[in-house]
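Asks: This is structure08.cif (mmCIF, C-alpha atoms).
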```cif
data_input
loop_
_atom_site.label_atom_id
_atom_site.label_comp_id
_atom_site.auth_asym_id
_atom_site.auth_seq_id
_atom_site.Cartn_x
_atom_site.Cartn_y
_atom_site.Cartn_z
CA PRO A 485 89.63 112.28 128.63
CA PRO A 486 93.24 113.33 127.97
CA PRO A 487 95.58 110.34 127.56
CA THR A 488 96.60 108.83 130.87
CA ARG A 489 100.00 107.32 131.71
CA LEU A 490 101.41 109.14 128.70
CA LYS A 491 103.76 112.11 128.88
CA GLU A 492 102.50 114.97 126.75
CA SER A 493 106.10 115.64 125.76
CA LYS A 494 106.05 112.26 124.00
CA VAL A 495 102.92 113.03 121.96
CA ILE A 496 103.47 113.45 118.23
CA TRP A 497 101.01 115.89 116.68
CA LEU A 498 99.68 115.25 113.19
CA THR A 499 97.41 117.35 110.99
CA ASN A 500 94.90 115.65 108.71
CA SER A 501 93.61 116.90 105.36
CA TYR A 502 90.76 118.73 107.11
CA GLY A 503 93.20 120.71 109.24
CA LYS A 504 92.35 118.72 112.40
CA ARG A 505 95.21 118.12 114.84
CA ILE A 506 95.39 114.61 116.25
CA PRO A 507 97.83 113.08 118.76
CA ALA A 508 99.90 109.95 118.23
CA PHE A 509 102.76 108.07 119.87
CA PHE A 510 105.56 105.88 118.54
CA ILE A 511 107.00 102.92 120.46
CA GLU A 512 110.34 101.66 119.18
CA CYS A 513 111.21 98.04 119.86
CA PRO A 514 114.68 96.77 120.83
CA LYS A 515 116.59 95.34 117.89
CA ASP A 516 119.34 92.84 117.28
CA GLU A 517 122.45 94.84 116.43
CA ARG A 518 123.65 92.35 113.82
CA THR A 519 120.46 91.61 111.90
CA GLY A 520 118.36 94.68 112.72
CA GLU A 521 115.41 92.43 113.56
CA GLY A 522 113.16 93.11 116.53
CA ILE A 523 113.94 91.34 119.79
CA ARG A 524 111.00 89.47 121.26
CA ALA A 525 110.45 88.93 124.95
CA PRO A 526 110.01 85.24 125.80
CA LEU A 527 106.66 83.67 126.48
CA PRO A 528 106.31 82.11 129.93
CA GLY A 529 108.59 79.09 130.20
CA GLN A 530 110.70 80.05 127.18
CA PRO A 531 114.32 81.23 127.14
CA GLN A 532 115.07 84.74 125.85
CA LEU A 533 114.74 84.78 122.06
CA LYS A 534 116.42 87.40 119.92
CA GLY A 535 115.52 88.45 116.41
CA SER A 536 112.42 87.19 114.67
CA LYS A 537 113.17 83.47 114.86
CA SER A 538 110.64 81.54 116.86
CA GLY A 539 113.02 78.85 118.10
CA GLY A 540 111.18 75.96 119.72
CA MET A 541 107.97 77.91 120.08
CA SER A 542 104.84 75.99 119.20
CA MET A 543 103.47 77.39 115.96
CA GLY A 544 100.24 77.07 114.04
CA GLY A 545 97.07 75.64 115.47
CA ALA A 546 93.52 74.78 114.64
CA ARG A 547 91.12 77.17 112.94
CA VAL A 548 89.13 77.50 116.17
CA SER A 549 91.21 77.45 119.33
CA ASN A 550 89.75 76.01 122.53
CA THR A 551 91.37 78.59 124.79
CA ALA A 552 88.76 80.60 126.63
CA GLY A 553 88.83 83.44 129.12
CA ASN A 554 86.22 85.46 130.94
CA ASP A 555 84.82 88.54 129.26
CA ASN A 556 85.59 91.17 131.87
CA ALA A 557 89.10 92.16 130.86
CA ASN A 558 89.86 94.74 128.20
CA PRO A 559 92.80 94.07 125.87
CA THR A 560 94.15 97.52 126.58
CA THR A 561 94.60 96.95 130.31
CA SER A 562 98.04 96.12 131.60
CA PRO A 563 99.03 92.65 130.36
CA SER A 564 99.81 89.75 132.63
CA PHE A 565 103.30 89.47 131.14
CA SER A 566 105.40 91.98 133.01
CA THR A 567 106.57 95.07 131.13
CA SER A 568 107.91 96.70 134.27
CA GLY A 569 111.27 98.35 134.61
CA GLU A 570 112.82 101.54 133.31
CA GLU A 571 112.91 101.99 129.58
CA GLY A 572 116.58 101.36 128.90
CA MET A 573 118.95 102.38 126.18
CA SER A 574 122.13 100.65 125.08
CA HIS A 575 124.94 103.13 125.67
CA HIS A 576 126.96 102.89 122.47
CA ASN A 577 124.27 103.17 119.78
CA GLN A 578 121.13 104.51 121.51
CA VAL A 579 119.02 101.50 120.49
CA PRO A 580 116.41 100.82 123.20
CA SER A 581 116.89 97.68 125.29
CA THR A 582 113.14 97.66 126.05
CA PRO A 583 110.25 99.15 124.02
CA GLN A 584 110.61 102.93 124.27
CA ILE A 585 108.19 105.73 123.43
CA ARG A 586 109.81 108.28 121.13
CA THR A 587 109.39 112.00 120.46
CA SER A 588 109.14 113.32 116.92
CA LYS A 589 112.63 114.83 117.23
CA GLU A 590 114.09 111.50 118.33
CA LEU A 591 112.41 109.75 115.41
CA GLU A 592 113.72 112.24 112.89
CA LEU A 593 117.23 111.87 114.32
CA SER A 594 116.81 108.09 114.12
CA PHE A 595 115.94 108.40 110.45
CA LEU A 596 118.89 110.67 109.76
CA SER A 597 121.25 108.25 111.52
CA GLY A 598 119.96 105.40 109.34
CA ARG A 599 118.20 103.31 111.99
CA MET A 600 114.53 103.66 111.01
CA GLY A 601 112.85 102.25 107.91
CA SER A 602 114.80 100.59 105.15
CA GLY A 603 115.57 103.35 102.73
CA GLY A 604 113.29 103.77 99.77
CA GLY A 605 111.64 106.95 98.61
CA GLY A 606 114.91 108.80 98.89
CA GLY A 607 116.80 109.46 102.05
CA SER A 608 119.47 107.36 103.69
CA SER A 609 119.49 103.58 103.46
CA SER A 610 118.66 101.92 106.77
CA ILE A 611 119.71 98.38 105.97
CA SER A 612 120.45 97.36 109.57
CA THR A 613 116.80 97.66 110.70
CA SER A 614 114.87 96.72 107.57
CA CYS A 615 113.43 93.60 109.24
CA ALA A 616 111.72 95.37 112.14
CA PRO A 617 108.21 96.17 110.86
CA THR A 618 106.09 99.03 112.18
CA ILE A 619 102.46 98.45 113.14
CA LEU A 620 100.06 101.34 112.51
CA TYR A 621 97.48 100.72 115.25
CA SER A 622 93.87 101.94 114.95
CA HIS A 623 92.05 101.53 118.25
CA ALA A 624 88.47 100.65 119.16
CA ASN A 625 85.59 103.02 119.92
CA ALA A 626 85.74 103.41 123.72
CA GLU A 627 89.51 103.97 123.83
CA ASP A 628 92.16 106.64 123.42
CA LEU A 629 95.95 106.75 123.44
CA GLY A 630 96.15 106.65 127.22
CA ASN A 631 94.02 103.51 127.42
CA ILE A 632 95.89 101.61 124.75
CA TYR A 633 99.48 102.50 125.64
CA PRO A 634 100.06 99.46 127.94
CA TRP A 635 98.61 97.13 125.31
CA CYS A 636 100.70 98.63 122.52
CA LYS A 637 103.86 98.39 124.60
CA PHE A 638 103.00 94.75 125.31
CA LEU A 639 102.62 94.04 121.58
CA SER A 640 105.90 95.77 120.80
CA LYS A 641 107.72 93.78 123.45
CA MET A 642 106.27 90.39 122.62
CA LEU A 643 106.30 90.69 118.81
CA GLY A 644 109.52 92.65 118.27
CA VAL A 645 107.81 95.40 116.27
CA ASN A 646 107.54 99.18 116.40
CA ILE A 647 104.05 100.54 117.17
CA PHE A 648 102.59 103.81 115.92
CA ALA A 649 99.15 104.60 117.37
CA TYR A 650 96.98 107.66 116.90
CA ASP A 651 93.69 109.11 118.16
CA TYR A 652 90.74 109.89 115.93
CA THR A 653 89.42 113.43 115.62
CA GLY A 654 87.15 113.99 118.64
CA TYR A 655 88.99 111.48 120.88
CA GLY A 656 91.44 112.01 123.75
CA LEU A 657 93.55 115.13 123.28
CA ALA A 658 91.70 115.77 120.02
CA THR A 659 88.28 116.24 121.65
CA ASP A 660 88.47 119.94 120.82
CA GLN A 661 88.87 119.24 117.10
CA GLY A 662 85.22 118.49 116.40
CA ASP A 663 82.88 115.52 116.48
CA PRO A 664 84.14 112.15 115.19
CA SER A 665 83.07 111.05 111.72
CA GLU A 666 83.93 108.44 109.11
CA GLU A 667 85.50 111.11 106.92
CA TYR A 668 87.71 112.33 109.76
CA CYS A 669 88.71 108.75 110.68
CA PHE A 670 89.86 108.09 107.11
CA ALA A 671 91.73 111.40 107.02
CA ASP A 672 93.31 110.60 110.40
CA VAL A 673 94.68 107.21 109.34
CA ILE A 674 96.04 108.73 106.13
CA ALA A 675 97.81 111.42 108.18
CA ALA A 676 99.35 108.73 110.41
CA TYR A 677 100.43 106.64 107.43
CA THR A 678 101.87 109.67 105.65
CA TYR A 679 103.98 110.49 108.69
CA LEU A 680 105.46 107.00 108.70
CA ASN A 681 105.89 106.68 104.95
CA GLN A 682 106.96 110.18 103.95
CA THR A 683 108.40 111.83 107.05
CA LEU A 684 110.17 108.79 108.51
CA ARG A 685 110.63 107.13 105.09
CA ILE A 686 109.36 103.76 106.27
CA PRO A 687 108.35 101.95 103.07
CA ALA A 688 104.87 100.52 102.62
CA HIS A 689 106.06 96.91 102.77
CA SER A 690 107.48 97.56 106.28
CA ILE A 691 104.18 98.94 107.61
CA LEU A 692 101.47 96.65 109.00
CA LEU A 693 97.96 97.85 109.81
CA TYR A 694 96.22 96.66 112.98
CA GLY A 695 92.57 97.61 113.41
CA ARG A 696 90.54 96.58 116.43
CA SER A 697 86.74 96.81 116.19
CA LEU A 698 86.07 100.40 115.03
CA GLY A 699 89.72 100.54 113.96
CA SER A 700 89.01 97.90 111.33
CA GLY A 701 87.24 100.63 109.34
CA PRO A 702 90.17 102.98 108.72
CA SER A 703 92.52 99.98 108.46
CA CYS A 704 90.54 98.27 105.67
CA TYR A 705 90.16 101.59 103.90
CA LEU A 706 93.88 102.31 103.98
CA ALA A 707 94.87 98.75 103.01
CA ALA A 708 92.65 98.95 99.92
CA LYS A 709 93.82 102.47 99.10
CA THR A 710 97.53 101.62 99.19
CA ALA A 711 96.90 98.51 97.08
CA GLU A 712 95.06 100.50 94.43
CA GLU A 713 97.94 103.01 94.38
CA GLY A 714 100.41 100.18 93.72
CA GLU A 715 102.17 100.33 97.11
CA ALA A 716 100.32 97.80 99.26
CA VAL A 717 101.18 97.73 102.95
CA GLY A 718 103.05 94.73 104.32
CA GLY A 719 100.11 93.23 106.19
CA LEU A 720 96.72 93.77 107.83
CA ILE A 721 95.51 92.47 111.20
CA LEU A 722 91.77 92.76 111.85
CA HIS A 723 90.76 92.19 115.46
CA ALA A 724 86.97 91.82 115.95
CA PRO A 725 86.12 93.57 112.66
CA PHE A 726 82.65 94.13 111.25
CA LEU A 727 81.18 94.01 107.74
CA SER A 728 79.77 97.53 108.17
CA VAL A 729 78.16 99.50 110.97
CA TYR A 730 74.56 98.91 109.84
CA ARG A 731 75.18 95.20 109.35
CA ILE A 732 76.02 94.79 113.05
CA VAL A 733 72.33 95.19 113.86
CA LEU A 734 70.63 94.69 110.49
CA GLU A 735 71.46 92.16 107.78
CA SER A 736 70.82 94.37 104.77
CA GLY A 737 72.45 92.27 102.07
CA CYS A 738 74.04 95.39 100.62
CA THR A 739 75.53 98.67 101.74
CA LEU A 740 72.62 101.01 102.42
CA PRO A 741 72.75 104.80 102.09
CA GLY A 742 74.17 106.27 105.27
CA ASP A 743 76.01 103.09 106.28
CA ARG A 744 79.53 103.64 107.57
CA PHE A 745 82.85 101.81 107.53
CA ALA A 746 81.74 99.31 104.88
CA ASN A 747 84.73 97.02 105.29
CA VAL A 748 83.07 94.39 103.14
CA ASP A 749 83.27 96.77 100.16
CA TYR A 750 87.00 97.47 100.64
CA ALA A 751 88.11 93.92 101.45
CA PRO A 752 88.16 92.55 97.86
CA PHE A 753 90.67 95.25 96.87
CA ILE A 754 93.18 94.44 99.64
CA ARG A 755 96.49 93.02 98.40
CA SER A 756 98.22 92.37 101.72
CA PRO A 757 98.20 89.22 103.88
CA VAL A 758 95.22 89.53 106.25
CA LEU A 759 94.96 87.94 109.69
CA PHE A 760 91.50 87.83 111.31
CA ILE A 761 91.16 87.60 115.11
CA HIS A 762 87.72 87.13 116.67
CA GLY A 763 86.09 85.59 119.70
CA THR A 764 83.30 83.14 119.00
CA LYS A 765 81.24 84.59 121.89
CA ASP A 766 81.49 88.22 120.78
CA SER A 767 78.17 89.81 121.74
CA ILE A 768 78.93 93.21 120.19
CA VAL A 769 80.23 92.33 116.72
CA PRO A 770 78.94 88.87 115.70
CA PHE A 771 81.67 86.35 115.08
CA ASN A 772 80.38 85.57 111.59
CA HIS A 773 81.40 89.05 110.43
CA SER A 774 85.03 87.89 110.42
CA GLU A 775 84.12 84.65 108.70
CA ARG A 776 82.26 86.48 105.96
CA LEU A 777 84.95 89.14 105.58
CA LEU A 778 87.54 86.38 105.22
CA ASP A 779 85.56 85.00 102.28
CA THR A 780 85.83 88.36 100.49
CA ILE A 781 89.64 88.43 100.70
CA ILE A 782 91.38 87.10 97.58
CA GLU A 783 92.79 83.64 98.32
CA PRO A 784 96.55 84.40 98.19
CA TYR A 785 96.14 87.04 100.90
CA ARG A 786 94.22 84.94 103.46
CA ALA A 787 96.32 84.08 106.49
CA GLU A 788 95.13 81.32 108.83
CA PRO A 789 92.62 83.13 111.11
CA LEU A 790 92.63 83.05 114.90
CA PHE A 791 89.09 82.35 116.09
CA ILE A 792 89.12 81.85 119.86
CA LYS A 793 86.35 79.79 121.39
CA ASP A 794 84.29 81.51 124.10
CA MET A 795 86.22 84.80 123.87
CA GLY A 796 84.13 87.97 123.77
CA HIS A 797 84.63 91.40 122.24
CA ASN A 798 86.55 93.31 124.88
CA ASN A 799 88.98 90.80 126.26
CA VAL A 800 92.29 89.22 125.46
CA HIS A 801 92.32 87.48 128.83
CA ALA A 802 95.52 86.35 130.53
CA SER A 803 94.79 82.74 129.67
CA VAL A 804 94.48 83.63 125.97
CA ARG A 805 97.52 85.87 125.61
CA PRO A 806 100.16 83.14 125.07
CA LEU A 807 98.12 81.73 122.19
CA PHE A 808 97.41 85.24 120.92
CA VAL A 809 101.11 86.17 120.85
CA GLU A 810 102.15 82.83 119.37
CA ARG A 811 99.74 83.13 116.46
CA LEU A 812 100.70 86.74 115.77
CA ARG A 813 104.34 85.66 115.70
CA GLU A 814 103.43 82.87 113.30
CA TYR A 815 101.71 85.39 111.04
CA LEU A 816 104.77 87.64 111.05
CA ASP A 817 107.19 84.76 110.49
CA THR A 818 105.15 83.33 107.62
CA HIS A 819 103.74 86.32 105.78
CA VAL A 820 105.78 89.40 106.67
CA LEU A 821 109.37 88.84 107.75
CA PRO A 822 110.49 86.66 104.81
CA GLN A 823 109.61 89.50 102.42
CA LEU A 824 111.41 92.05 104.60
CA ARG A 825 114.53 89.87 104.73
CA GLU A 826 114.50 89.50 100.95
CA ARG A 827 114.17 93.28 100.56
CA ARG A 828 117.07 93.72 102.94
CA ARG A 829 119.25 91.36 100.90
CA GLU A 830 118.34 93.28 97.75
CA ASP A 831 119.22 96.58 99.44
CA GLU A 832 122.55 95.19 100.62
CA SER A 833 123.37 93.93 97.12
CA ALA A 834 122.45 97.28 95.59
CA ARG A 835 124.56 99.11 98.13
CA THR A 836 127.53 96.81 97.49
CA ARG A 837 127.26 97.35 93.74
CA MET A 838 127.09 101.10 94.25
CA MET A 839 130.17 101.10 96.50
CA ASN A 840 132.08 98.96 93.99
CA ARG A 841 131.23 101.37 91.19
CA VAL A 842 132.39 104.32 93.29
CA ARG A 843 135.67 102.58 94.13
CA SER A 844 136.22 101.66 90.48
CA ALA A 845 135.58 105.23 89.38
CA ARG A 846 138.04 106.57 91.95
CA VAL A 847 140.72 104.11 90.86
CA GLN A 848 140.29 105.08 87.20
CA GLN A 849 140.34 108.77 88.12
CA ALA A 850 143.56 108.26 90.08
CA ARG A 851 145.19 106.63 87.05
#
```
What is this structure when it is put down as structure tokens?
Replies:
Amino acid sequence: PPPTRLKESKVIWLTNSYGKRIPAFFIECPKDERTGEGIRAPLPGQPQLKGSKSGGMSMGGARVSNTAGNDNANPTTSPSFSTSGEEGMSHHNQVPSTPQIRTSKELELSFLSGRMGSGGGGGSSSISTSCAPTILYSHANAEDLGNIYPWCKFLSKMLGVNIFAYDYTGYGLATDQGDPSEEYCFADVIAAYTYLNQTLRIPAHSILLYGRSLGSGPSCYLAAKTAEEGEAVGGLILHAPFLSVYRIVLESGCTLPGDRFANVDYAPFIRSPVLFIHGTKDSIVPFNHSERLLDTIIEPYRAEPLFIKDMGHNNVHASVRPLFVERLREYLDTHVLPQLRERRREDESARTRMMNRVRSARVQQAR
């Protein structure tokens, strides 16, 4: 069905390499005006935390967490942590005070004003926001943009990140573009990534891929592709991923002809820190798919996985969400944000050197 709870005026239209038009949306997170880092909403019982610091938040945890929930809640339903209220904007600089969905025109103006991305690839330097990463979200099979919007807004609010989500050819508003296929899914994720990287000039190291279930296919493909091209993305989050489609029902031992989304074949080529999330009671994609995929990731890029005891495939239940958010924050704080901060310092130093050279040249010219 067409996306629900989503204004069509906010839809960003992309065209993939096959000429198929697919919809997307961009949620911009609120940012600290001094550091440019995303502002995170507090977990229950915590004071308001700004920036990407975790304060006194409990971090880390065991490999298998003993936090269980029932299996009747979909992660894309409205979260238990309130995201109510009007989407606000600070008056003097137009930075959102809550996560805000953006139009393509607003995003392009944001880039021109130096708020999006962190420079690179030409264009203006956006030093003030270089530590607010953007998640490129690839959704599961029985979902579309309307279904996932509340979940994506929740992630943006709790993690202090921007979210860019898209529909696959044949889904949602793109149902008139033809039947879904693996080839179209790969072309769709490339179109979404190209929009972020080339149109908005968000560098690869500031883009994180998040693939849930079916979305693990295009996410693994893109992570491996960017690594092979020498511009690996900043991170990869795989939520209930599978080895390949055939292997969900048949242990073949190898990728058979006709198999699709062979994540196990792309995983060894990934050069980004990878976080696996899986419920041990997943009855759709067996839990051991994540364990086996983890073994194929090169050691330096393995983040501590989040395997949640008794959680199924289609739920991030209310009782699990605090742990879920805490571990995602830990992943960002350990594997992503330190690199972004270092890049920001390098950009600032380069800008200072450039300004000093310009001043020196003007002084000599005046003499």
Asks: Closest to Asp660 in chain A among A:Leu684, A:Ile506, A:Ile691, A:Ile647, using all atoms listed in the file?
Replies: A:Ile506
Asks: Kindly give the distance, in Å, that separates CA of Asn747 in chain A and CA of Gly662 in chain A, rounded to a single decimal.
Replies: 24.2 Å
Asks: Using the chain letters and numbers from the file, which residues does the PyMOL selection byres ((chain A and resi 785) around 9) grab, as a ChimeraX atom specification?
Replies: /A:754-759,781-784,786-787
Asks: Could you turn the residues from that selection into a file that holds C-alpha atoms, as an mmCIF file, keeping the file's coordinate frame?
Replies:
```
data_model
loop_
_atom_site.group_PDB
_atom_site.id
_atom_site.type_symbol
_atom_site.label_atom_id
_atom_site.label_comp_id
_atom_site.auth_asym_id
_atom_site.auth_seq_id
_atom_site.Cartn_x
_atom_site.Cartn_y
_atom_site.Cartn_z
ATOM 1 C CA ILE A 754 93.180 94.440 99.640
ATOM 2 C CA ARG A 755 96.490 93.020 98.400
ATOM 3 C CA SER A 756 98.220 92.370 101.720
ATOM 4 C CA PRO A 757 98.200 89.220 103.880
ATOM 5 C CA VAL A 758 95.220 89.530 106.250
ATOM 6 C CA LEU A 759 94.960 87.940 109.690
ATOM 7 C CA ILE A 781 89.640 88.430 100.700
ATOM 8 C CA ILE A 782 91.380 87.100 97.580
ATOM 9 C CA GLU A 783 92.790 83.640 98.320
ATOM 10 C CA PRO A 784 96.550 84.400 98.190
ATOM 11 C CA ARG A 786 94.220 84.940 103.460
ATOM 12 C CA ALA A 787 96.320 84.080 106.490
#
```
Asks: Env of range 808-823 of chain A: 7 Å cut, atoms = only C-alpha atoms, seq-sep filter 2 positions within chain, self excluded. Answer as a short mmCIF file (atom, residue, chain, number, x, y, z; two decimals) with C-alpha atoms, in the frame of the given file.
Replies:
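Printed below is result.cif as written:
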```cif
data_model
loop_
_atom_site.label_atom_id
_atom_site.label_comp_id
_atom_site.auth_asym_id
_atom_site.auth_seq_id
_atom_site.Cartn_x
_atom_site.Cartn_y
_atom_site.Cartn_z
CA MET A 543 103.47 77.39 115.96
CA GLY A 544 100.24 77.07 114.04
CA CYS A 615 113.43 93.60 109.24
CA MET A 642 106.27 90.39 122.62
CA LEU A 643 106.30 90.69 118.81
CA GLY A 718 103.05 94.73 104.32
CA GLY A 719 100.11 93.23 106.19
CA PRO A 757 98.20 89.22 103.88
CA VAL A 804 94.48 83.63 125.97
CA ARG A 805 97.52 85.87 125.61
CA PRO A 806 100.16 83.14 125.07
CA ARG A 825 114.53 89.87 104.73
CA GLU A 826 114.50 89.50 100.95
CA ARG A 827 114.17 93.28 100.56
#
```
Asks: Selected by the PyMOL selection byres ((chain A and resi 769) around 8) in the shown coordinates: which residues, as a PyMOL selection string?
Replies: chain A and resi 697+724-726+732+766-768+770-771+773+797
Asks: What does the file look like for those residues with C-alpha atoms, as a PDB file, in the frame of the given file?
Replies:
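Saved result, out.pdb, follows:
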```
ATOM      1  CA  SER A 697      86.740  96.810 116.190  1.00  0.00           C
ATOM      2  CA  ALA A 724      86.970  91.820 115.950  1.00  0.00           C
ATOM      3  CA  PRO A 725      86.120  93.570 112.660  1.00  0.00           C
ATOM      4  CA  PHE A 726      82.650  94.130 111.250  1.00  0.00           C
ATOM      5  CA  ILE A 732      76.020  94.790 113.050  1.00  0.00           C
ATOM      6  CA  ASP A 766      81.490  88.220 120.780  1.00  0.00           C
ATOM      7  CA  SER A 767      78.170  89.810 121.740  1.00  0.00           C
ATOM      8  CA  ILE A 768      78.930  93.210 120.190  1.00  0.00           C
ATOM      9  CA  PRO A 770      78.940  88.870 115.700  1.00  0.00           C
ATOM     10  CA  PHE A 771      81.670  86.350 115.080  1.00  0.00           C
ATOM     11  CA  HIS A 773      81.400  89.050 110.430  1.00  0.00           C
ATOM     12  CA  HIS A 797      84.630  91.400 122.240  1.00  0.00           C
TER      13      HIS A 797
END
```
Asks: Written as a list of chain:residue names, which residues does the PyMOL selection byres ((chain A and resi 750) around 10) give for the file shown?
Replies: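 Expected selection for the PyMOL selection byres ((chain A and resi 750) around 10) here is A:Gly701, A:Ser703, A:Cys704, A:Tyr705, A:Leu706, A:Ala707, A:Ala708, A:Lys709, A:Leu727, A:Phe745, A:Ala746, A:Asn747, A:Val748, A:Asp749, A:Ala751, A:Pro752, A:Phe753, A:Ile754, A:Leu777, A:Thr780, A:Ile781.
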Asks: From the options A:Glu735, A:Glu590, A:Glu492, A:Glu832, which residue's atoms come nearest to Leu657 in chain A, counting all atoms listed in the file?
Replies: A:Glu492
Asks: Using all atoms listed in the file, which of the listed residues (A:Ala649, A:Ala716, A:Ala671, A:Leu807) sits closest to Thr499 in chain A?
Replies: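 Using all atoms listed in the file, Thr499 in chain A sits closest to A:Ala671.
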Asks: With distances taken over all atoms listed in the file, which of A:Ser588, A:Glu715, A:His689, A:Cys513 is nearest to Cys636 in chain A?
Replies: A:Cys513
Asks: Do a neighbour search on Ser640 in chain A at 10 Å with only C-alpha atoms, toss out local chain neighbours closer than 6 positions, and write the hits as a ChimeraX atom specification.
Replies: /A:511-514,522-525,582-584,618-619,634,646-648
Asks: From the options A:Phe670, A:Phe510, A:Phe791, A:Tyr679, which residue's atoms come nearest to Leu629 in chain A, counting all atoms listed in the file?
Replies: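 Of all the options, A:Phe510 lies closest to Leu629 in chain A.
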Asks: Considering only C-alpha atoms, can you say which of A:Asn772, A:His723, A:Lys504, A:Val645 comes closest to Asp663 in chain A?
Replies: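 Nearest candidate to Asp663 in chain A out of A:Asn772, A:His723, A:Lys504, A:Val645: A:Lys504.
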Asks: Which value, in Å to one decimal, gives the distance between CA of Gly529 in chain A and CA of Ile792 in chain A?
Replies: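 These atoms are spaced 22.2 Å apart.
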Asks: Could you work out how far CA of Leu680 in chain A lies from CA of Tyr652 in chain A, giving the answer in Å with one decimal?
Replies: 16.7 Å
Asks: Missing atoms in range 743-755 of chain A need filling: write out N, CA, C and O atoms for it as a PDB file, in the frame of the given file.
Replies:
```
ATOM      1  N   ASP A 743      75.183 104.071 105.569  1.00  0.00           N
ATOM      2  CA  ASP A 743      76.010 103.090 106.280  1.00  0.00           C
ATOM      3  C   ASP A 743      77.446 103.610 106.355  1.00  0.00           C
ATOM      4  O   ASP A 743      77.887 104.405 105.516  1.00  0.00           O
ATOM      5  N   ARG A 744      78.163 103.143 107.353  1.00  0.00           N
ATOM      6  CA  ARG A 744      79.530 103.640 107.570  1.00  0.00           C
ATOM      7  C   ARG A 744      80.506 102.483 107.724  1.00  0.00           C
ATOM      8  O   ARG A 744      80.145 101.391 108.130  1.00  0.00           O
ATOM      9  N   PHE A 745      81.761 102.776 107.403  1.00  0.00           N
ATOM     10  CA  PHE A 745      82.850 101.810 107.530  1.00  0.00           C
ATOM     11  C   PHE A 745      82.463 100.471 106.894  1.00  0.00           C
ATOM     12  O   PHE A 745      82.461  99.428 107.550  1.00  0.00           O
ATOM     13  N   ALA A 746      82.158 100.516 105.616  1.00  0.00           N
ATOM     14  CA  ALA A 746      81.740  99.310 104.880  1.00  0.00           C
ATOM     15  C   ALA A 746      82.979  98.492 104.526  1.00  0.00           C
ATOM     16  O   ALA A 746      83.419  98.461 103.375  1.00  0.00           O
ATOM     17  N   ASN A 747      83.519  97.810 105.509  1.00  0.00           N
ATOM     18  CA  ASN A 747      84.730  97.020 105.290  1.00  0.00           C
ATOM     19  C   ASN A 747      84.545  95.969 104.208  1.00  0.00           C
ATOM     20  O   ASN A 747      85.481  95.643 103.471  1.00  0.00           O
ATOM     21  N   VAL A 748      83.340  95.435 104.118  1.00  0.00           N
ATOM     22  CA  VAL A 748      83.070  94.390 103.140  1.00  0.00           C
ATOM     23  C   VAL A 748      83.240  94.901 101.706  1.00  0.00           C
ATOM     24  O   VAL A 748      83.535  94.124 100.789  1.00  0.00           O
ATOM     25  N   ASP A 749      83.095  96.203 101.496  1.00  0.00           N
ATOM     26  CA  ASP A 749      83.270  96.770 100.160  1.00  0.00           C
ATOM     27  C   ASP A 749      84.743  97.033  99.843  1.00  0.00           C
ATOM     28  O   ASP A 749      85.126  97.064  98.663  1.00  0.00           O
ATOM     29  N   TYR A 750      85.566  97.232 100.853  1.00  0.00           N
ATOM     30  CA  TYR A 750      87.000  97.470 100.640  1.00  0.00           C
ATOM     31  C   TYR A 750      87.801  96.178 100.586  1.00  0.00           C
ATOM     32  O   TYR A 750      88.834  96.098  99.910  1.00  0.00           O
ATOM     33  N   ALA A 751      87.336  95.148 101.286  1.00  0.00           N
ATOM     34  CA  ALA A 751      88.110  93.920 101.450  1.00  0.00           C
ATOM     35  C   ALA A 751      88.555  93.280 100.132  1.00  0.00           C
ATOM     36  O   ALA A 751      89.703  92.824 100.026  1.00  0.00           O
ATOM     37  N   PRO A 752      87.716  93.218  99.095  1.00  0.00           N
ATOM     38  CA  PRO A 752      88.160  92.550  97.860  1.00  0.00           C
ATOM     39  C   PRO A 752      89.329  93.245  97.175  1.00  0.00           C
ATOM     40  O   PRO A 752      89.987  92.639  96.316  1.00  0.00           O
ATOM     41  N   PHE A 753      89.604  94.492  97.525  1.00  0.00           N
ATOM     42  CA  PHE A 753      90.670  95.250  96.870  1.00  0.00           C
ATOM     43  C   PHE A 753      91.986  95.208  97.661  1.00  0.00           C
ATOM     44  O   PHE A 753      92.986  95.792  97.236  1.00  0.00           O
ATOM     45  N   ILE A 754      91.980  94.525  98.797  1.00  0.00           N
ATOM     46  CA  ILE A 754      93.180  94.440  99.640  1.00  0.00           C
ATOM     47  C   ILE A 754      94.172  93.459  99.017  1.00  0.00           C
ATOM     48  O   ILE A 754      93.796  92.368  98.596  1.00  0.00           O
ATOM     49  N   ARG A 755      95.431  93.847  98.973  1.00  0.00           N
ATOM     50  CA  ARG A 755      96.490  93.020  98.400  1.00  0.00           C
ATOM     51  C   ARG A 755      97.627  92.830  99.401  1.00  0.00           C
ATOM     52  O   ARG A 755      98.809  92.856  99.052  1.00  0.00           O
TER      53      ARG A 755
END
```
